[in-house]
Amino acid sequence: MIVEVYPQQTVPWFPSTKVLNVPKGHYVEMNFTMQSYSSSPCLADTYLEVRDGDKQSANLLGIFCGNHVTGVVRSSGHNMWLQFSPYRGYQFGASYSGKAINVTVAPSLDQVAKTQFVLFNHSSSLWCPAQGAPAPHIVWRKNGTVVQNSTSVRYELEITEEKNEKYSCEVHRPDWLDKKEISLIVERCPDPCRCTILKGIMDMLIRIDCKRKQLRSIPQKVPLATV
């Protein structure tokens, strides 16, 4: 069997947005390291967003923030979209290559958090950072019913009433099904906190004090009342 690999290249410097391209019939594999210029990049809402395609509307492969982050991200096709938001707040080094679709890595859910936090009556996110190559399709289930089937690692939801609902994500391996049950902890942000601007960012959990109530839901922009 001939295994075709597109030569490894350095990701050139870019201020905000970049699309990585490899020949059709290949997927993108990117290895990266980033070092923050600030002491609290997640709190400041500066992060790297990676999408499975050539535009921001493509499926989400990951959102990364932190003082020092390394990782490997793989697409399902020949394009990968990158963006630093809202600006490039990191020293960033990365290389990428194109690998033939028949060069595979078995999917894994080892990095999925079994317990995840959401805010009551506000838009929240569940995360299933599946590993594998090409990027695996992730099946999200709510009470056993499929609610999303794509390469996106994020499932968006809004909890508006207290129910004992069960969520899970799964990927198909060559010989078996890898599935993770996710337990939800529903939190409430009491007034006068403005929780409508809180949003999840992957697995970077930041604890904030909201009227002396410790919340582990992840802020996008933390209201001054919670600092």
# chains A, B, ... in the order shown; residues from 1 in each chain; ligands from 1

$ closest_atom_pairs --of "stretch 10-85 of chain A" --to "stretch 135-157 of chain A" --cutoff "10 Å" --atoms "only C-alpha atoms" --output "JSON lines"
{"residue": "A:Tyr27", "atom": "CA", "partner": "A:Ala135", "partner_atom": "CA", "distance": 8.5}
{"residue": "A:Val28", "atom": "CA", "partner": "A:Ala135", "partner_atom": "CA", "distance": 9.3}
{"residue": "A:Glu29", "atom": "CA", "partner": "A:Ala135", "partner_atom": "CA", "distance": 9.5}
{"residue": "A:Arg51", "atom": "CA", "partner": "A:Ser152", "partner_atom": "CA", "distance": 8.4}
{"residue": "A:Asp52", "atom": "CA", "partner": "A:Thr151", "partner_atom": "CA", "distance": 7.5}
{"residue": "A:Ala58", "atom": "CA", "partner": "A:Ser152", "partner_atom": "CA", "distance": 8.5}
{"residue": "A:Asn59", "atom": "CA", "partner": "A:Ser152", "partner_atom": "CA", "distance": 4.7}
{"residue": "A:Leu60", "atom": "CA", "partner": "A:Ser152", "partner_atom": "CA", "distance": 4.6}
{"residue": "A:Leu61", "atom": "CA", "partner": "A:Ser152", "partner_atom": "CA", "distance": 5.7}
{"residue": "A:Gly62", "atom": "CA", "partner": "A:Val153", "partner_atom": "CA", "distance": 6.7}
{"residue": "A:Ile63", "atom": "CA", "partner": "A:Val153", "partner_atom": "CA", "distance": 9.4}
{"residue": "A:Val73", "atom": "CA", "partner": "A:Ala135", "partner_atom": "CA", "distance": 8.2}
{"residue": "A:Arg74", "atom": "CA", "partner": "A:Ala135", "partner_atom": "CA", "distance": 5.5}
{"residue": "A:Ser75", "atom": "CA", "partner": "A:Ala135", "partner_atom": "CA", "distance": 5.0}
{"residue": "A:Ser76", "atom": "CA", "partner": "A:Ala135", "partner_atom": "CA", "distance": 4.6}
{"residue": "A:Gly77", "atom": "CA", "partner": "A:Ala135", "partner_atom": "CA", "distance": 8.3}

$ write_last_selection --atoms "C-alpha atoms" --output "mmCIF file, in the first residue's frame"
data_model
loop_
_atom_site.group_PDB
_atom_site.id
_atom_site.type_symbol
_atom_site.label_atom_id
_atom_site.label_comp_id
_atom_site.auth_asym_id
_atom_site.auth_seq_id
_atom_site.Cartn_x
_atom_site.Cartn_y
_atom_site.Cartn_z
ATOM 1 C CA TYR A 27 -6.553 15.889 5.762
ATOM 2 C CA VAL A 28 -4.642 18.553 7.689
ATOM 3 C CA GLU A 29 -2.626 17.620 10.774
ATOM 4 C CA ARG A 51 -12.507 24.914 12.402
ATOM 5 C CA ASP A 52 -12.958 21.911 10.114
ATOM 6 C CA ALA A 58 -17.417 25.148 9.627
ATOM 7 C CA ASN A 59 -17.549 22.564 12.431
ATOM 8 C CA LEU A 60 -15.550 23.452 15.525
ATOM 9 C CA LEU A 61 -12.425 21.335 16.123
ATOM 10 C CA GLY A 62 -11.273 23.190 19.220
ATOM 11 C CA ILE A 63 -10.877 26.415 21.163
ATOM 12 C CA VAL A 73 -5.492 19.087 15.705
ATOM 13 C CA ARG A 74 -6.667 17.179 12.653
ATOM 14 C CA SER A 75 -9.321 18.048 10.102
ATOM 15 C CA SER A 76 -11.635 15.716 8.202
ATOM 16 C CA GLY A 77 -10.830 17.263 4.815
#

$ closest_residue --among "A:Glu165, A:Ser183, A:Ser124, A:Gly132" --to "A:Thr104" --atoms "only C-alpha atoms"
A:Gly132

$ closest_residue --among "A:Gln91, A:Asn79, A:Val11, A:Thr70" --to "A:Tyr37" --atoms "only C-alpha atoms"
A:Gln91

$ residues_around --residues "A:Cys65" --least-positions-apart "2" --cutoff "7 Å" --atoms "only C-alpha atoms" --output "list of chain:residue names"
A:Pro41, A:Cys42, A:Thr46, A:Tyr47, A:Leu48, A:Ile63

$ atom_distance --atom1 "atom CA of A:Ala130" --atom2 "atom CA of A:Pro107"
6.7 Å

$ select_by_dssp --residues "stretch 2-224 of chain A" --states "helix (DSSP H, G or I)" --output "PDB file with C-alpha atoms, in the first residue's frame"
ATOM      1  CA  CYS A 195     -24.761  36.071  33.285  1.00  0.00           C
ATOM      2  CA  THR A 196     -25.959  36.567  29.734  1.00  0.00           C
ATOM      3  CA  ILE A 197     -22.353  37.258  28.702  1.00  0.00           C
ATOM      4  CA  LEU A 224     -17.112  43.484  37.267  1.00  0.00           C
TER       5      LEU A 224
END

$ closest_residue --among "A:Gly98, A:Trp81, A:Phe64, A:Arg88" --to "A:Val22" --atoms "only C-alpha atoms"
A:Gly98

$ residues_around --residues "stretch 111-123 of chain A" --least-positions-apart "6" --cutoff "6 Å" --atoms "only C-alpha atoms" --output "PyMOL selection string"
chain A and resi 129+157-160+182-188+217

$ write_last_selection --atoms "C-alpha atoms" --output "mmCIF file, in the first residue's frame"
data_model
loop_
_atom_site.group_PDB
_atom_site.id
_atom_site.type_symbol
_atom_site.label_atom_id
_atom_site.label_comp_id
_atom_site.auth_asym_id
_atom_site.auth_seq_id
_atom_site.Cartn_x
_atom_site.Cartn_y
_atom_site.Cartn_z
ATOM 1 C CA PRO A 129 -12.729 16.911 22.398
ATOM 2 C CA LEU A 157 -27.794 23.874 24.725
ATOM 3 C CA GLU A 158 -29.928 25.905 27.091
ATOM 4 C CA ILE A 159 -31.287 24.447 30.319
ATOM 5 C CA THR A 160 -34.594 26.155 31.126
ATOM 6 C CA ILE A 182 -21.618 13.438 30.658
ATOM 7 C CA SER A 183 -23.014 14.525 34.014
ATOM 8 C CA LEU A 184 -24.338 18.080 34.093
ATOM 9 C CA ILE A 185 -24.033 20.403 37.051
ATOM 10 C CA VAL A 186 -26.538 23.212 36.526
ATOM 11 C CA GLU A 187 -25.536 26.476 38.167
ATOM 12 C CA ARG A 188 -27.498 29.656 38.726
ATOM 13 C CA SER A 217 -19.115 27.841 34.413
#

$ atom_distance --atom1 "atom CA of A:Lys55" --atom2 "atom CA of A:Gly89"
21.1 Å

$ atom_distance --atom1 "atom CA of A:Glu162" --atom2 "atom CA of A:Trp127"
20.6 Å
